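Q: Quick one: structure below, then a few questions.
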Amino acid sequence: MEIIATAKEMQRRSEQLRLEGKKIAFVPTMGYLHKGHLTLMHEGKKRGDVLIVSIFVNPTQFGPGEDYERYPRDMKRDLALLKGVGVDICFTPPSQDMYPDGFQTCVEVEQVTKNLCGTSRPGHFRGVTTVVAKLFNIVKPHLAIFGEKDYQQLIAIKQMARDLNMDIEVIGIPTIRESDGLAMSSRNTYLTAKERKEALSLYRSLLKGKELFLQGQRSAAKILTEITGIIKEQKSATIDYVKICDVHTLEDIEEIKGEAIIALAVKIGKTRLLDNIILKEE
Ligand code: PAF
């Protein structure tokens, strides 16, 4: 596996691969890899001739007082995992390369980033779309793969690619869960054993919401009452939001018609976790 540590060198290498006619698949990450990331990479291996993975903990998507400093990092372990999957190139840019002195340009997707995490983490999605646009310009992929656990991020990146005529296919992959249902996330490592047990209520509540929908319930308020009831039984849980939204616009829905998403963000102790489930007639 090649390791490339500067934007200039990565651009040069990608240009060379393109001239050789290679299809470049790209999985951007912030490292501390888990099975969810590895699933995205397996998909990338299937769809491209060359798989490039970036590892960069992006400071601009963390707000003041969030966990940028203590975000888990373990480059040695990550590189071993990447080799195991058969990743061709790992791109590990230094901060100074991504945000040089005098940096002043941002990418902001205006509408789909307003609700959900956009309300509780102002500036977060601007940080995400800016760094992903930069990574796209450096890595020059034909396709890029993201997890559906961060559903709003996926929709924002798809919108950015469409709006800015980026010639890149943005692909979403269903959430990978632990055997007990907990959605995989690098932040799960913050949970104590007791908190981890309580965190299972998130997926349990989403499954309950889906069950009610499949039984014919179409009132978002009624489904949300059941879901929040399950989560509030947990001592360590503080709900940031639980909402039912349109799958494309991410605006709140009152009466579910066709497809919808139940999306939630809940703090378990000090750890903010995200999860979601799609509601669709079966
Ligand atoms: O999902 C993530 O890990 C990050 O938000 C991403 C897409 C790598 C941008 O920093």
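Here, A, B, ... name the chains of the structure tokens in the order displayed, residue numbers run from 1 inside each chain, and ligands are numbered from 1 in the same displayed order.
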Can you list, as a list in words, every protein, DNA or RNA residue that comes within 9 Å of A:Gly36 when you count only C-alpha atoms, leaving out same-chain residues fewer than 4 positions away?
A: Leu40, Met41, Gly147, Thr175, Ile176, Arg177, Ala183, Met184 and Ser185 of chain A
Q: Sorted by chain and rising residue number, list the residues of chain A at most 6 Å from ligand 1 (counting only C-alpha atoms and all ligand atoms), each with its closest atom pair and distance in Å to one decimal, as a Markdown table.
A:
| residue | atom | partner | partner_atom_place_in_ligand_line | distance |
| --- | --- | --- | --- | --- |
| A:Pro28 | CA | ligand 1 | 8 (C) | 4.5 |
| A:Thr29 | CA | ligand 1 | 8 (C) | 3.7 |
| A:Met30 | CA | ligand 1 | 3 (O) | 4.7 |
| A:Asn58 | CA | ligand 1 | 10 (O) | 5.1 |
| A:Val128 | CA | ligand 1 | 9 (C) | 5.0 |
| A:Val132 | CA | ligand 1 | 9 (C) | 5.8 |
Q: Just write the chosen residues, N, CA, C and O atoms, as a compact mmCIF listing (two decimals), in the first residue's frame.
A:
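The new file part-v7.txt reads:
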# COMPACT_ATOMS: atom_id res chain seq x y z
N PRO A 28 -13.38 8.66 1.96
CA PRO A 28 -12.78 9.60 2.92
C PRO A 28 -13.14 9.19 4.34
O PRO A 28 -14.29 8.80 4.60
N THR A 29 -12.20 9.26 5.26
CA THR A 29 -12.48 8.91 6.66
C THR A 29 -11.74 9.87 7.59
O THR A 29 -10.84 10.60 7.16
N MET A 30 -12.14 9.80 8.86
CA MET A 30 -11.37 10.52 9.89
C MET A 30 -10.59 9.51 10.74
O MET A 30 -10.17 9.82 11.85
N ASN A 58 -10.85 16.29 10.48
CA ASN A 58 -11.06 17.63 9.92
C ASN A 58 -11.50 18.63 10.99
O ASN A 58 -12.64 18.58 11.45
N VAL A 128 -17.80 19.96 6.71
CA VAL A 128 -17.79 18.66 6.02
C VAL A 128 -17.72 18.88 4.50
O VAL A 128 -16.86 18.30 3.82
N VAL A 132 -14.66 17.82 2.06
CA VAL A 132 -14.90 16.78 1.05
C VAL A 132 -14.66 17.34 -0.35
O VAL A 132 -14.07 16.68 -1.21
Q: If we count only C-alpha atoms, what is near A:Ser95 at a cut-off of 10 Å, once residues fewer than 6 positions away on the same chain are taken out, given as a list in words?
A: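 Surrounding residues, per the criterion: Phe56, Val57, Asn58 and Pro59 of chain A.
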Q: Would you put the residues from that selection into a file with N, CA and C atoms, as a compact mmCIF listing (two decimals), in the first residue's frame?
A:
# COMPACT_ATOMS: atom_id res chain seq x y z
N PHE A 56 -8.08 11.88 7.74
CA PHE A 56 -7.84 13.27 8.14
C PHE A 56 -8.93 13.69 9.13
N VAL A 57 -8.54 14.00 10.35
CA VAL A 57 -9.52 14.48 11.33
C VAL A 57 -9.69 15.97 11.06
N ASN A 58 -10.85 16.29 10.48
CA ASN A 58 -11.06 17.63 9.92
C ASN A 58 -11.50 18.63 10.99
N PRO A 59 -10.62 19.57 11.37
CA PRO A 59 -10.96 20.47 12.48
C PRO A 59 -12.18 21.34 12.20
Q: Considering only C-alpha atoms, state which residue in the set A:Leu135, A:Tyr99, A:Ala265, A:Lys280 is at the smallest distance from A:Ile168.
A: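 The shortest atom-to-atom distance to A:Ile168 comes from A:Leu135.
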Q: Considering only C-alpha atoms, return as a list in words whatever protein or nucleic-acid residues lie within 8 Å of A:Ile52, sequence-local ones (same chain, fewer than 2 positions apart) excluded.
A: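 Residues near the query, excluding close chain neighbours: Ile24, Ala25, Phe26, Val27, Val50, Ser54, Val87, Asp88, Ile89, Cys90, Phe91 and Val139 of chain A.
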Q: Looking at A:Val170, A:Lys222, A:Ile138, A:Tyr190, which one is nearest to A:Arg12, with distances taken over only C-alpha atoms?
A: A:Ile138
Q: Atom CA of A:Gly86 and atom CA of A:Met1, how far apart in Å?
A: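 Calculated distance between atom CA of A:Met1 and atom CA of A:Gly86 is 7.6 Å.
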Q: So that I can check the secondary structure, give me every residue of stretch 79-246 of chain A assigned strand (DSSP E) by backbone DSSP, as a PyMOL selection string.
A: chain A and resi 89-91+143-147+169-173+237-245
